[in-house]
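Asker: One file: final-v5.csv (CSV, C-alpha atoms).
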chain,number,residue,atom,x,y,z
A,1,MET,CA,116.0,-37.0,102.4
A,2,THR,CA,114.8,-35.7,105.7
A,3,VAL,CA,113.5,-39.2,106.7
A,4,ARG,CA,116.9,-40.7,105.8
A,5,VAL,CA,118.8,-38.0,107.9
A,6,GLY,CA,116.4,-38.6,110.8
A,7,ARG,CA,116.9,-42.3,110.6
A,8,ASN,CA,120.7,-41.9,110.6
A,9,ILE,CA,120.6,-39.6,113.6
A,10,PHE,CA,118.3,-42.1,115.4
A,11,PHE,CA,120.7,-45.0,114.7
A,12,GLY,CA,123.7,-42.9,115.6
A,13,VAL,CA,122.3,-41.8,119.0
A,14,THR,CA,121.2,-45.4,119.7
A,15,ALA,CA,124.6,-46.8,118.9
A,16,PHE,CA,126.2,-44.0,121.1
A,17,LEU,CA,124.0,-44.8,124.0
A,18,ALA,CA,124.6,-48.5,123.7
A,19,ALA,CA,128.3,-48.0,123.6
A,20,GLY,CA,128.1,-45.7,126.6
A,21,LEU,CA,126.1,-48.2,128.7
A,22,GLY,CA,128.4,-51.0,127.6
A,23,THR,CA,131.4,-49.1,128.8
A,24,VAL,CA,129.7,-48.3,132.1
A,25,TRP,CA,128.8,-52.0,132.6
A,26,PHE,CA,132.3,-53.1,131.8
A,27,LEU,CA,133.9,-50.6,134.2
A,28,MET,CA,131.6,-51.6,137.0
A,29,PHE,CA,131.5,-55.4,136.6
A,30,GLN,CA,135.0,-56.0,135.1
A,31,PRO,CA,134.0,-59.4,133.6
A,32,VAL,CA,136.7,-62.0,133.6
A,33,PRO,CA,136.9,-65.3,131.7
A,34,ASP,CA,135.5,-68.4,133.5
A,35,PHE,CA,138.4,-70.9,134.0
A,36,GLY,CA,136.2,-73.4,135.8
A,37,PRO,CA,135.6,-74.1,139.5
A,38,SER,CA,138.8,-75.9,140.3
A,39,LEU,CA,140.7,-72.9,141.6
A,40,THR,CA,137.8,-71.6,143.8
A,41,GLU,CA,137.2,-75.1,145.2
A,42,ARG,CA,140.9,-75.4,146.2
A,43,LEU,CA,141.2,-71.9,147.6
A,44,SER,CA,138.2,-72.0,150.0
A,45,ALA,CA,138.2,-70.0,153.2
A,46,ASP,CA,137.1,-71.6,156.4
A,47,PRO,CA,134.1,-69.7,157.9
A,48,ALA,CA,134.8,-71.3,161.3
A,49,ARG,CA,138.4,-70.0,161.3
A,50,LEU,CA,137.3,-66.5,160.2
A,51,GLU,CA,134.8,-66.4,163.1
A,52,MET,CA,137.5,-67.7,165.5
A,53,HIS,CA,139.8,-64.9,164.6
A,54,VAL,CA,137.1,-62.2,164.8
A,55,ARG,CA,136.1,-63.5,168.3
A,56,ALA,CA,139.8,-63.6,169.4
A,57,LEU,CA,140.4,-60.0,168.3
A,58,THR,CA,137.2,-58.6,169.7
A,59,GLU,CA,136.9,-60.6,173.0
A,60,SER,CA,140.6,-60.9,174.0
A,61,PHE,CA,141.7,-57.5,172.7
A,62,PRO,CA,138.7,-55.1,172.8
A,63,SER,CA,139.3,-51.4,172.0
A,64,ARG,CA,142.5,-51.9,170.2
A,65,SER,CA,143.3,-48.1,169.9
A,66,GLY,CA,146.5,-46.1,169.7
A,67,GLU,CA,145.8,-44.9,173.3
A,68,ASP,CA,146.7,-48.4,174.5
A,69,PRO,CA,150.1,-49.3,172.9
A,70,ALA,CA,150.5,-52.4,175.2
A,71,ARG,CA,147.3,-53.9,174.0
A,72,LEU,CA,148.1,-53.1,170.4
A,73,ASP,CA,151.4,-54.9,170.9
A,74,SER,CA,149.6,-57.9,172.2
A,75,VAL,CA,147.4,-57.9,169.1
A,76,ALA,CA,150.4,-57.6,166.9
A,77,SER,CA,151.9,-60.7,168.6
A,78,TYR,CA,148.7,-62.7,168.0
A,79,ILE,CA,148.8,-61.8,164.3
A,80,ARG,CA,152.5,-62.6,164.0
A,81,GLU,CA,151.9,-66.0,165.5
A,82,GLN,CA,149.2,-66.7,162.9
A,83,PHE,CA,151.3,-65.6,160.0
A,84,GLU,CA,154.3,-67.7,161.2
A,85,ALA,CA,152.0,-70.7,161.5
A,86,SER,CA,151.3,-70.4,157.8
A,87,GLY,CA,154.9,-70.7,156.9
A,88,ALA,CA,155.4,-67.1,155.8
A,89,VAL,CA,158.6,-65.1,156.3
A,90,VAL,CA,157.4,-62.6,158.9
A,91,GLU,CA,158.9,-59.2,159.8
A,92,ASP,CA,158.0,-56.6,162.4
A,93,GLN,CA,158.1,-53.2,160.8
A,94,ILE,CA,158.8,-51.0,163.9
A,95,PHE,CA,158.4,-47.3,164.0
A,96,VAL,CA,158.4,-44.8,167.0
A,97,LEU,CA,156.0,-42.0,167.7
A,98,ASP,CA,156.5,-39.8,170.8
A,99,GLY,CA,158.9,-42.3,172.2
A,100,VAL,CA,156.4,-45.2,171.9
A,101,LYS,CA,157.1,-48.2,169.6
A,102,TYR,CA,154.4,-49.4,167.2
A,103,ARG,CA,154.6,-52.1,164.5
A,104,ASN,CA,153.2,-53.3,161.3
A,105,ILE,CA,153.4,-57.0,160.8
A,106,VAL,CA,154.5,-58.2,157.3
A,107,ALA,CA,154.1,-61.8,156.0
A,108,ARG,CA,155.9,-62.5,152.8
A,109,PHE,CA,155.2,-65.3,150.4
A,110,ALA,CA,157.6,-65.6,147.4
A,111,ARG,CA,159.5,-68.3,145.5
A,112,LYS,CA,163.3,-67.7,145.7
A,113,ASN,CA,163.7,-66.7,142.1
A,114,LEU,CA,160.9,-64.1,142.5
A,115,ALA,CA,161.9,-62.6,145.8
A,116,PHE,CA,162.9,-59.3,144.4
A,117,GLU,CA,160.0,-58.8,142.0
A,118,PRO,CA,157.4,-56.1,142.9
A,119,PRO,CA,154.9,-57.8,145.3
A,120,LEU,CA,151.2,-57.8,145.4
A,121,VAL,CA,150.3,-56.2,148.8
A,122,ILE,CA,147.1,-57.1,150.7
A,123,GLY,CA,146.6,-55.3,154.0
A,124,ALA,CA,144.2,-54.6,156.8
A,125,HIS,CA,144.5,-52.5,160.0
A,126,TYR,CA,144.2,-54.1,163.4
A,127,ASP,CA,143.6,-50.9,165.5
A,128,THR,CA,140.1,-49.6,166.3
A,129,VAL,CA,138.3,-46.4,167.2
A,130,VAL,CA,138.7,-45.7,170.9
A,131,GLY,CA,136.1,-47.6,173.0
A,132,THR,CA,134.9,-49.9,170.3
A,133,PRO,CA,135.6,-53.7,169.9
A,134,GLY,CA,135.9,-53.2,166.1
A,135,ALA,CA,134.3,-56.5,165.1
A,136,ASP,CA,133.5,-55.1,161.6
A,137,ASP,CA,136.2,-52.4,161.4
A,138,ASN,CA,138.5,-54.0,161.2
A,139,ALA,CA,138.6,-57.4,162.9
A,140,SER,CA,136.8,-58.8,159.9
A,141,GLY,CA,139.6,-57.5,157.6
A,142,VAL,CA,142.3,-58.9,159.8
A,143,ALA,CA,140.6,-62.3,160.0
A,144,GLY,CA,140.4,-62.4,156.2
A,145,LEU,CA,144.1,-61.5,156.1
A,146,ILE,CA,145.1,-64.3,158.5
A,147,GLU,CA,142.9,-66.8,156.7
A,148,LEU,CA,144.5,-65.7,153.4
A,149,SER,CA,147.9,-66.4,154.9
A,150,ARG,CA,146.9,-70.0,155.6
A,151,LEU,CA,145.7,-70.5,152.1
A,152,LEU,CA,148.9,-68.9,150.6
A,153,GLY,CA,150.9,-71.3,152.8
A,154,GLU,CA,149.1,-74.3,151.4
A,155,PHE,CA,149.0,-73.0,147.8
A,156,PRO,CA,152.2,-70.8,147.2
A,157,PRO,CA,151.4,-67.9,144.8
A,158,ALA,CA,153.0,-67.5,141.4
A,159,LEU,CA,153.9,-63.9,142.2
A,160,PRO,CA,155.4,-62.4,145.4
A,161,VAL,CA,152.7,-61.5,147.9
A,162,GLU,CA,153.0,-59.5,151.1
A,163,LEU,CA,150.3,-59.5,153.7
A,164,VAL,CA,150.5,-56.5,156.0
A,165,ALA,CA,148.6,-55.9,159.2
A,166,TRP,CA,148.8,-52.1,159.7
A,167,THR,CA,148.4,-50.2,162.9
A,168,LEU,CA,147.3,-46.6,163.7
A,169,GLU,CA,144.8,-46.2,160.9
A,170,GLU,CA,142.1,-44.7,163.1
A,171,PRO,CA,141.8,-41.2,164.5
A,172,PRO,CA,143.8,-39.2,165.6
A,173,PHE,CA,146.3,-40.9,163.2
A,174,PHE,CA,144.0,-41.3,160.2
A,175,GLY,CA,145.0,-39.1,157.3
A,176,THR,CA,148.5,-38.4,158.7
A,177,GLU,CA,152.0,-39.6,157.9
A,178,ASP,CA,151.9,-41.6,161.1
A,179,MET,CA,149.5,-44.1,159.8
A,180,GLY,CA,150.9,-47.6,159.6
A,181,SER,CA,150.1,-47.8,155.9
A,182,ALA,CA,151.8,-44.5,155.3
A,183,VAL,CA,154.9,-45.8,157.1
A,184,TYR,CA,154.8,-49.0,155.1
A,185,ALA,CA,154.5,-47.0,151.8
A,186,GLY,CA,157.3,-44.7,152.7
A,187,LEU,CA,159.7,-47.6,153.4
A,188,ALA,CA,158.7,-49.3,150.2
A,189,ALA,CA,159.5,-46.2,148.3
A,190,GLU,CA,162.9,-45.8,150.0
A,191,SER,CA,163.8,-49.4,149.2
A,192,ASP,CA,162.8,-48.8,145.5
A,193,ARG,CA,160.5,-51.8,145.7
A,194,LEU,CA,157.1,-50.4,145.0
A,195,PRO,CA,154.1,-52.8,145.1
A,196,ARG,CA,152.6,-54.2,141.9
A,197,LEU,CA,149.2,-53.6,143.4
A,198,VAL,CA,147.7,-52.9,146.8
A,199,ILE,CA,144.4,-54.2,148.1
A,200,SER,CA,143.1,-53.0,151.4
A,201,LEU,CA,140.6,-55.3,153.2
A,202,GLU,CA,138.2,-53.1,155.0
A,203,MET,CA,135.0,-54.2,156.8
A,204,ILE,CA,134.3,-57.4,155.0
A,205,GLY,CA,132.3,-59.0,157.8
A,206,TYR,CA,128.8,-57.9,156.9
A,207,PHE,CA,126.3,-60.2,155.2
A,208,SER,CA,122.6,-59.9,154.6
A,209,ASP,CA,120.1,-61.3,152.1
A,210,LYS,CA,117.5,-58.7,153.1
A,211,PRO,CA,116.5,-56.3,150.3
A,212,GLY,CA,117.6,-52.8,151.1
A,213,SER,CA,120.4,-53.9,153.4
A,214,GLN,CA,123.0,-52.4,150.9
A,215,ILE,CA,122.5,-48.8,149.8
A,216,PHE,CA,124.8,-47.2,147.2
A,217,PRO,CA,125.6,-43.5,147.3
A,218,THR,CA,124.6,-42.7,143.7
A,219,VAL,CA,121.5,-43.6,141.6
A,220,LEU,CA,123.7,-44.9,138.8
A,221,MET,CA,125.3,-47.5,141.0
A,222,ARG,CA,121.9,-48.6,142.3
A,223,LEU,CA,120.8,-49.4,138.8
A,224,PHE,CA,123.6,-51.9,138.3
A,225,TYR,CA,124.2,-53.4,141.8
A,226,PRO,CA,121.8,-55.4,144.0
A,227,SER,CA,120.3,-54.0,147.2
A,228,GLU,CA,121.3,-57.1,149.3
A,229,GLY,CA,124.5,-56.9,151.3
A,230,ASN,CA,125.6,-60.4,150.3
A,231,PHE,CA,128.6,-59.7,148.0
A,232,LEU,CA,132.1,-58.2,148.0
A,233,MET,CA,133.0,-55.1,146.1
A,234,VAL,CA,136.4,-54.1,144.8
A,235,ALA,CA,136.6,-50.3,144.6
A,236,GLY,CA,139.2,-48.3,142.7
A,237,ARG,CA,139.7,-45.4,140.3
A,238,ILE,CA,138.7,-45.6,136.7
A,239,SER,CA,142.3,-44.9,135.7
A,240,ASP,CA,143.3,-48.1,137.5
A,241,THR,CA,141.3,-50.2,135.0
A,242,MET,CA,143.1,-48.9,132.0
What do you get writing this file as structure tokens?
Answerer:
Amino acid sequence: MTVRVGRNIFFGVTAFLAAGLGTVWFLMFQPVPDFGPSLTERLSADPARLEMHVRALTESFPSRSGEDPARLDSVASYIREQFEASGAVVEDQIFVLDGVKYRNIVARFARKNLAFEPPLVIGAHYDTVVGTPGADDNASGVAGLIELSRLLGEFPPALPVELVAWTLEEPPFFGTEDMGSAVYAGLAAESDRLPRLVISLEMIGYFSDKPGSQIFPTVLMRLFYPSEGNFLMVAGRISDTM
């Protein structure tokens, strides 16, 4: 009797641990069905274009901070030109702080019959920390956003998509209601057209196959993810996966 109880406890604990590890694996990796290579082959980003935009942002508009509104405005014009070239419907989302005008740039892709559906929003900020060229944070994100606009222009999405280049995301505006993303969110709420989902592109320009080039903050994550910085990660709350 004792042996049977012990065996049942052993199998019960084993099953519980297996289920727990399986849940952790699913939440971390979010496996999706493989529908074949055709979509990825068609929607292929151009590395040369990505590099061109990063160089344009960092070399033509270095130190794109809130302390230099004129330079920020020039960057916004560059981004707008790229969005317009993709065929998107483009809007300047203008707001004023201390008498100075700033603007988010919004590119919309939607079929006419879906124009009023909640959009998928993908954004990146084009300002930098004072005194830095911001090649990684966040010219890489903006370059990805611009390249994505080109792809969406060639392959119109089935759902409405808004690409947003936000301004004033760095200090001293970070964490305040004056951030470009906060202004965008407030206007979306006022118009009663909340996004279906928001993805923020942040520092996507780092790549390394060297072991140890990517370090995760917790031991659990290190058990599941590689130590090479050669992949993209989507981060979110556990509740967002439910």
Asker: Work out how far apart CA of Leu220 in chain A and CA of Ser239 in chain A are and give it in Å to one decimal.
Answerer: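 So the answer is 18.9 Å.
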Asker: Mind pulling up the distance from CA of Ala124 in chain A to CA of Ser200 in chain A?
Answerer: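 The value is 5.7 Å.
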Asker: Would you pick out the contacts of Thr128 in chain A at 8 Å or less, using all atoms listed in the file, so that residues sharing its chain but fewer than 3 positions from it are not included, and give the list as a PyMOL selection string?
Answerer: chain A and resi 63-65+132-134+137-138+169-170
Asker: Can you measure CA of Phe174 in chain A to CA of His125 in chain A for me? One decimal in Å is fine.
Answerer: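 Between these atoms lies a distance of 11.2 Å.
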Asker: Find the residues around Pro226 in chain A up to 12 Å (all atoms listed in the file counted), leave out those fewer than 5 positions away in its own chain, and share them as a ChimeraX atom specification.
Answerer: /A:208-216,220-221,231-233
Asker: For Asp92 in chain A, list every protein, DNA or RNA residue within 12 Å, evaluated using all atoms listed in the file, and leave out those in the same chain fewer than 4 positions away; present the list as an MDAnalysis selection string.
Answerer: chainID A and resid 73 76:77 79:81 83:84 101:108 163:167 180 184
Asker: How big is the axis-aligned box, and where does its centre sit, when it encloses all atoms of range 124-135 of chain A listed in the file and has 3 Å added on every side, reported in Å to one decimal as JSON?
Answerer:
{"center_x": 139.4, "center_y": -51.1, "center_z": 164.9, "size_x": 16.2, "size_y": 16.8, "size_z": 22.2}
Asker: Which residue is closest to Ile199 in chain A? Choose from A:Asp136, A:Asp98, A:Glu91, A:Glu162 and count all atoms listed in the file.
Answerer: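 Looking at the shortest contact to Ile199 in chain A, the residue is A:Glu162.
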Asker: What lies within 12 Å of Leu152 in chain A using all atoms listed in the file, ignoring chain neighbours under 3 positions off, as a ChimeraX atom specification?
Answerer: /A:42-45,83-89,107-111,122,145-149,155-163
Asker: Counting all atoms listed in the file, figure out which residue out of A:Val130, A:Leu197, A:Val219, A:Ala185 gets nearest to Glu67 in chain A.
Answerer: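 The answer is A:Val130, which sits nearest to Glu67 in chain A.
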Asker: Within 8 Å of (149.2, -57.1, 140.4), in the coordinates the file gives, what residues turn up when you count all atoms listed in the file, written out as a PyMOL selection string?
Answerer: chain A and resi 119-120+196-198
Asker: Return the single residue from A:Val129, A:Ala189, A:Leu50, A:Ala143 that is closest to Pro172 in chain A, with distances computed using only C-alpha atoms.
Answerer: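 Smallest distance to Pro172 in chain A is found for A:Val129.
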